[in-house]
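Q: Let me give you the structure first, and then I'll get to my questions.
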Amino acid sequence: MLSTVPPRFDYATAFSRNIGWVTAPEQERLRGARVAVAGMGGVGGGHLLTLARLGFGKFNIADLDRFEVHNFNRQAGAFMSTVSQDKVDVMARMAQDINPTIDVNSFSCGVTPDNVDAFLDGVDVYVDGIDFFAIEARRLLFAACHAKGIPALTAAPLGMGVALMYFAPGGMSFEQYFRLDGVPRQEQFARFIAGLSPAMLQRHYLAAPEAVDFAGQRGPSTAMACDLCAGVMGTAVLKVLLGRGPLRAAPWAMQFDAYRQQLRFTWRPFGNANPLQRLLLRLIRPRLGMAAGG
């Protein structure tokens, strides 16, 4: 007869298979670290679960949205059983189902100027999982991290690949790199795309360009890209918190595209003010329905 007694959770046993790639003292460091993850959708939800399985013990998570059927193609918490449920609540339950001792602070109204300090309180690293079009919240968070000296990372799902950027304490800031201040919102989107993906590896295989609708704030996505983001981000966060080797910070960017089987590192001093980026923006703007000169 099968036992009906629920298993007892033991942290050391649950994450024992991490040992070897990390040492036992390093695992305890991860257990005690607090990570802030904004956005609990396709990217942020994957980040949370990957970091929970790495044994991170403390999280601040934020999202103001609920799961819907159109999230099913990519979002870790999207199931028929979770439709219409708050994303932060679903993802907190999933993380706690991995580690019942985990400490999760949930911000169900998203991140705003009124709560950004509370969201980043006691945080060792910030992980960006915000929706592409939530540019105001993204700028707010990266500015606050820069002011507080908190390492901040973003991994963007591009086509069937990932682009990673790291903003190190004391280094180049998000605003210095992307240069979004004082420009129209549509231009901000163009600059964000150009800055994230100077190599633009994904542009060659977009099969239905009409699916990209910036006016309607919609675009295509894949689960593969979100999964790649989670793997790349989890590794980067581990390296930052454990000091395990170099991680190229802005103005460096990294893009890996699984579809094209290509990896590119790009270095853009002055960020989007770099002459190469200015040329790239001239190519991007017409695709967003903007004048080529911006």
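Residue names in the structure tokens use chain letters A, B, ... in the order shown, residue numbers from 1 in each chain, and ligand numbers from 1 in the order shown.
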If you count only C-alpha atoms, which residues fall within 9 Å of region 96-108 of chain A, apart from same-chain ones fewer than 5 positions away, as number ranges by chain?

A: A: 9-11, 14, 31, 34, 38, 49, 52-53, 55-65, 86-89, 91, 115, 119

Q: I need the residues in region 50-226 of chain A that are alpha helix (DSSP H) according to DSSP; give them as a PyMOL selection string.

A: chain A and resi 50-53+87-98+116-119+135-148+174-178+185-196+223-226

Q: Tell me which protein, DNA and RNA residues are within 9 Å of region 162-179 of chain A, counting only C-alpha atoms, leaving out same-chain ones fewer than 3 positions away, and put them as a PyMOL selection string.

A: chain A and resi 139+142-143+145-159+182-183+188+191-192+194-197+225-226+228-229+232-233+236+247-258+268-273

Q: Could you name the residues that touch Asn73 (chain A) at 9 Å or less, counting only C-alpha atoms, but leaving out those on the same chain fewer than 4 positions away, as an MDAnalysis selection string?

A: chainID A and resid 42 69 78 221:223

Q: Run DSSP on the backbone and grab whatever in region 121-287 of chain A lands in strand (DSSP E); send it over as a ChimeraX atom specification.

A: /A:125-128,152-158,161-167,252-257,262-267

Q: Keeping N, CA, C and O atoms, export the residues of the selection given above as a short mmCIF file (atom, residue, chain, number, x, y, z; two decimals), in the first residue's frame.

A:
```cif
data_model
loop_
_atom_site.label_atom_id
_atom_site.label_comp_id
_atom_site.auth_asym_id
_atom_site.auth_seq_id
_atom_site.Cartn_x
_atom_site.Cartn_y
_atom_site.Cartn_z
N VAL A 125 20.12 41.37 -5.45
CA VAL A 125 20.20 41.50 -6.90
C VAL A 125 18.78 41.69 -7.44
O VAL A 125 17.82 41.13 -6.90
N TYR A 126 18.66 42.50 -8.50
CA TYR A 126 17.37 42.70 -9.15
C TYR A 126 17.36 41.97 -10.49
O TYR A 126 18.29 42.10 -11.29
N VAL A 127 16.28 41.23 -10.74
CA VAL A 127 16.09 40.47 -11.97
C VAL A 127 14.86 41.03 -12.69
O VAL A 127 13.75 41.01 -12.15
N ASP A 128 15.06 41.49 -13.91
CA ASP A 128 14.01 42.14 -14.68
C ASP A 128 13.22 41.13 -15.50
O ASP A 128 13.77 40.43 -16.34
N ALA A 152 21.77 44.75 -11.31
CA ALA A 152 20.50 44.62 -12.02
C ALA A 152 20.74 43.96 -13.37
O ALA A 152 21.65 44.35 -14.11
N LEU A 153 19.90 42.97 -13.70
CA LEU A 153 20.06 42.22 -14.94
C LEU A 153 18.74 42.11 -15.67
O LEU A 153 17.68 42.04 -15.05
N THR A 154 18.82 42.08 -17.01
CA THR A 154 17.65 41.83 -17.82
C THR A 154 17.99 40.79 -18.88
O THR A 154 19.10 40.79 -19.42
N ALA A 155 17.06 39.88 -19.12
CA ALA A 155 17.21 38.87 -20.19
C ALA A 155 15.97 38.96 -21.06
O ALA A 155 14.86 38.73 -20.58
N ALA A 156 16.15 39.31 -22.31
CA ALA A 156 15.02 39.54 -23.21
C ALA A 156 14.81 38.34 -24.12
O ALA A 156 15.76 37.87 -24.75
N PRO A 157 13.56 37.85 -24.22
CA PRO A 157 13.27 36.76 -25.16
C PRO A 157 13.08 37.33 -26.56
O PRO A 157 12.13 38.06 -26.83
N LEU A 158 13.99 37.02 -27.45
CA LEU A 158 13.97 37.57 -28.80
C LEU A 158 13.88 36.42 -29.80
O LEU A 158 14.84 35.65 -29.96
N GLY A 161 15.58 33.04 -29.07
CA GLY A 161 16.86 33.28 -28.42
C GLY A 161 16.71 34.21 -27.25
O GLY A 161 15.61 34.52 -26.79
N VAL A 162 17.86 34.66 -26.75
CA VAL A 162 17.90 35.49 -25.54
C VAL A 162 18.98 36.55 -25.68
O VAL A 162 20.04 36.30 -26.27
N ALA A 163 18.69 37.73 -25.15
CA ALA A 163 19.70 38.78 -25.03
C ALA A 163 19.85 39.13 -23.56
O ALA A 163 18.84 39.32 -22.86
N LEU A 164 21.08 39.17 -23.07
CA LEU A 164 21.36 39.43 -21.66
C LEU A 164 22.13 40.73 -21.51
O LEU A 164 23.10 40.97 -22.25
N MET A 165 21.71 41.55 -20.53
CA MET A 165 22.47 42.73 -20.16
C MET A 165 22.58 42.80 -18.65
O MET A 165 21.64 42.48 -17.92
N TYR A 166 23.76 43.24 -18.19
CA TYR A 166 24.07 43.35 -16.76
C TYR A 166 24.49 44.78 -16.47
O TYR A 166 25.39 45.32 -17.12
N PHE A 167 23.80 45.40 -15.51
CA PHE A 167 24.15 46.75 -15.08
C PHE A 167 24.75 46.64 -13.68
O PHE A 167 24.05 46.40 -12.70
N TRP A 252 28.53 46.25 -22.62
CA TRP A 252 28.51 44.94 -23.28
C TRP A 252 27.08 44.39 -23.28
O TRP A 252 26.30 44.62 -22.34
N ALA A 253 26.74 43.64 -24.31
CA ALA A 253 25.50 42.88 -24.37
C ALA A 253 25.81 41.52 -24.98
O ALA A 253 26.76 41.39 -25.77
N MET A 254 25.04 40.52 -24.60
CA MET A 254 25.23 39.18 -25.14
C MET A 254 23.91 38.71 -25.76
O MET A 254 22.84 38.88 -25.16
N GLN A 255 23.96 38.13 -26.95
CA GLN A 255 22.77 37.54 -27.56
C GLN A 255 23.11 36.15 -28.07
O GLN A 255 24.10 35.96 -28.77
N PHE A 256 22.27 35.19 -27.69
CA PHE A 256 22.37 33.83 -28.23
C PHE A 256 21.07 33.51 -28.92
O PHE A 256 19.98 33.70 -28.37
N ASP A 257 21.15 33.02 -30.16
CA ASP A 257 19.96 32.65 -30.91
C ASP A 257 20.02 31.16 -31.23
O ASP A 257 20.88 30.71 -31.99
N GLN A 262 23.78 30.83 -33.13
CA GLN A 262 24.81 31.86 -33.13
C GLN A 262 24.86 32.57 -31.78
O GLN A 262 23.83 32.77 -31.13
N LEU A 263 26.08 32.96 -31.40
CA LEU A 263 26.33 33.72 -30.17
C LEU A 263 27.10 34.97 -30.55
O LEU A 263 28.07 34.90 -31.30
N ARG A 264 26.64 36.12 -30.02
CA ARG A 264 27.32 37.38 -30.29
C ARG A 264 27.50 38.18 -29.00
O ARG A 264 26.56 38.30 -28.21
N PHE A 265 28.69 38.70 -28.80
CA PHE A 265 28.93 39.70 -27.78
C PHE A 265 29.15 41.04 -28.48
O PHE A 265 29.91 41.11 -29.45
N THR A 266 28.46 42.07 -28.01
CA THR A 266 28.61 43.39 -28.61
C THR A 266 29.05 44.39 -27.55
O THR A 266 28.66 44.29 -26.39
N TRP A 267 29.86 45.34 -27.96
CA TRP A 267 30.37 46.40 -27.07
C TRP A 267 30.03 47.73 -27.71
O TRP A 267 30.47 48.02 -28.83
#
```

Q: Which one of A:Pro184, A:Ser16, A:Leu51, A:Asn71 sits closest to Gly231 (chain A) if you count only C-alpha atoms?

A: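 For Gly231 (chain A), the nearest of the given residues is A:Leu51.
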
Q: State, in Å with one decimal place, the distance from CA of Gln261 (chain A) to CA of Ala207 (chain A).

A: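 Calculated distance between CA of Gln261 (chain A) and CA of Ala207 (chain A) is 17.6 Å.
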
Q: How many Å separate CA of Glu136 (chain A) from CA of Leu180 (chain A)?

A: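 Those two atoms sit 10.1 Å apart.
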